[in-house]
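Colleague: Starting off with a structure, shown below.
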Amino acid sequence: MAARALFPPHSGLLVFQPLKRRQCAECRRGPLPLLVLEDSAPRCLDCADLGHLVFLPRGDTALTRRSREESALSAVVVRFNRRKSRYERQGVLVEEAALARAEQRCLADSEARRRRRARDARRRADQDALFAQAFAAEILRLLPGCPPDRARAIAGHASERGSGRVGRSAAGRALTEEAVMAAVVASVRHLDTPYDRLLMSGVPRHEARRRIAAAVETVLRGWTRTGLGSTG
Ligand SMILES: [Zn+2]
């Protein structure tokens, strides 16, 4: 039989899924779902001393590799593809305990990955919180009269990860006065002036900004002083 010639020699122990009905040359059992060729004669897995192995279908590369590493005895299962005139891997036969150990290792890996992702997310959240704190502190340094809650809200909004807002930009990262003030002005515009209402009623953006500019100025002037009325 030309099977071995058609298959790479370094494949190790080969087990075939026969296309035809075959019987074991030793115990006469058949038809055989899987067989080993010994001296060109088919043998069942039991007669070939491979009966204790379990079949792991191809598909999970890591699990397959680890199962074979863990298994003292393993075999590659192949089937002949007539159209392509070559043998194709269907999976491997490995010891059941080896498969269990390999599954454990794969599970441990995915668990480790999950824990690492959680750690990374926590670290990013901590960084975001620190950044928002620094941002709020800078708002209060520039505008001591800004209510602290409002400063924290503006900072939190501006530094939301993935928002692409000013707080996430390089300038915001550096906490430049320009970047911090831009975030404050955007907040004042939306919350303390009729800006959004003007936009909704169809007023062009630039015209709307022009109309509310004085109102924004008034709020900011109020916030440049510490406490309400304390400095007159
Ligand atoms: Zn047999």
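Following the order of the structure tokens, chains are lettered A, B, ..., residues in each are numbered from 1, and ligands are numbered from 1.
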Stretch 12-211 of chain A: which residues are alpha helix (DSSP H) by DSSP, as a ChimeraX atom specification?
Modeller: /A:61-70,96-142,148-158,170-173,177-192,195-200,205-211
Colleague: Which of stretch 4-162 of chain A end up as strand (DSSP E or B) when DSSP is run on this backbone - answer as a ChimeraX atom specification?
Modeller: /A:14-17,35-38,41-43,53-57,75-81,86-95
Colleague: Take the residues from that selection and put them in a file with C-alpha atoms, as a CSV table (one decimal), in the first residue's frame.
Modeller:
chain,number,residue,atom,x,y,z
A,14,LEU,CA,-0.5,7.0,11.5
A,15,VAL,CA,-4.1,5.8,11.9
A,16,PHE,CA,-6.4,5.7,8.9
A,17,GLN,CA,-10.1,6.3,8.5
A,35,LEU,CA,-7.2,1.1,11.5
A,36,VAL,CA,-3.5,0.8,11.6
A,37,LEU,CA,-1.4,-0.7,8.8
A,38,GLU,CA,1.1,-3.3,10.0
A,41,ALA,CA,-2.4,-5.4,6.7
A,42,PRO,CA,-5.1,-3.5,8.5
A,43,ARG,CA,-5.4,-3.9,12.3
A,53,LEU,CA,-6.6,6.4,23.0
A,54,VAL,CA,-9.3,8.9,22.5
A,55,PHE,CA,-10.0,10.8,19.3
A,56,LEU,CA,-9.5,14.6,19.2
A,57,PRO,CA,-10.8,16.1,16.0
A,75,ALA,CA,-1.2,9.0,16.6
A,76,VAL,CA,-2.3,11.2,13.7
A,77,VAL,CA,-5.6,10.2,12.1
A,78,VAL,CA,-5.7,10.7,8.3
A,79,ARG,CA,-8.2,10.0,5.6
A,80,PHE,CA,-7.5,9.7,1.9
A,81,ASN,CA,-9.0,12.5,-0.2
A,86,ARG,CA,-3.6,12.8,-0.8
A,87,TYR,CA,-4.1,12.0,2.8
A,88,GLU,CA,-5.6,14.7,5.0
A,89,ARG,CA,-5.4,15.0,8.8
A,90,GLN,CA,-8.7,14.4,10.6
A,91,GLY,CA,-7.4,14.8,14.1
A,92,VAL,CA,-5.2,12.9,16.7
A,93,LEU,CA,-5.5,10.0,19.0
A,94,VAL,CA,-4.2,10.8,22.5
A,95,GLU,CA,-4.4,9.4,26.0
Colleague: To one decimal place, how far is atom CA of A:Thr61 from atom CA of A:Ala108 in Å?
Modeller: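 Going from atom CA of A:Thr61 over to atom CA of A:Ala108, I get 15.9 Å.
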Colleague: Any idea what the distance is between atom CA of A:Ser187 and atom CA of A:Gly156?
Modeller: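 Interatomic distance here is 11.6 Å.
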Colleague: Ligand 1: which residues are within 7 Å, counting only C-alpha atoms and all ligand atoms, as a PyMOL selection string?
Modeller: chain A and resi 24-29+43-47
Colleague: How many Å separate atom CA of A:Gln133 from atom CA of A:Asp192?
Modeller: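 It comes out at 22.9 Å.
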Colleague: In terms of the shortest atom-to-atom distance over only C-alpha atoms, which of A:Thr224, A:Ser74, A:Ser159, A:Thr64 is closest to A:Ala102?
Modeller: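 Selected residue with least distance to A:Ala102: A:Thr64.
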Colleague: Calculated over only C-alpha atoms, which of the candidates A:Val180, A:Leu73, A:Glu207, A:Leu198 has the smallest distance to A:Leu142?
Modeller: A:Val180
Colleague: Find, counting only C-alpha atoms, the residue in A:Gly202, A:Leu191, A:Arg150, A:Arg113 that gets nearest to A:Ala136.
Modeller: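 Nearest to A:Ala136: A:Arg150.
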